[in-house]
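Visitor: Starting off with a structure, shown below.
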Amino acid sequence: MPEPHAPFPPARSAAEPCLVAARLAADATAIPLPLVLHPRRLDRRCASARALAMYLAHVGLGLPMSRVAAGFGRHRSTVAHACRRIEERRESAGWDRWVAALEDDARRLSPPAGAAKTSAGGLHG
């Protein structure tokens, strides 16, 4: 059984798109990937980068919040809160364009949700 706060459980279909989103958020915010994936909140900058990553996974890649929560080792309510925080900031035109570009990058770099399920179907953890 995986640790309750592990960054990525063995479920490959949840982990891969979440990892794509986390890498994009880490690169875009200059926060090291291990800090974006860290099981603890850490400081505000790390938490904000993680919120962006969860938003990209949910909104950009279309993952259900429960899958994003599993992929980041968080509770579903944490993902909902993160998405609300990012969405509220999209009122700013510059921020909105930046997040929209990251969403496009996430879609380009991540296989479609159905493809991830198909490719992971024969694997056992």
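By order of appearance in the structure tokens: chains A, B, ..., then residues from 1 within every chain, and ligands from 1 in the order shown.
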I'd like the contact shell of Asp27 of chain A - 12 Å cut-off, only C-alpha atoms, skipping same-chain residues fewer than 5 positions apart - returned as a list in words.
Guide: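 So, after excluding close chain neighbours, the residues are Val20, Ala21, Ala22, Pro32, Leu33, Pro34, Leu35, Val36, Ala49, Arg50, Leu52, Ala53, Leu102 and Asp105 of chain A.
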Visitor: Smallest atom-to-atom distance to Arg76 of chain A: which of A:Met54, A:Ala30, A:Leu61, A:Ala25, using only C-alpha atoms?
Guide: A:Met54
Visitor: Give me the residues near segment 62-65 of chain A as a ChimeraX atom specification, where near means some atom within 8 Å (using only C-alpha atoms) and where sequence neighbours in that chain fewer than 5 positions away do not count.
Guide: /A:57,76,79-80,113
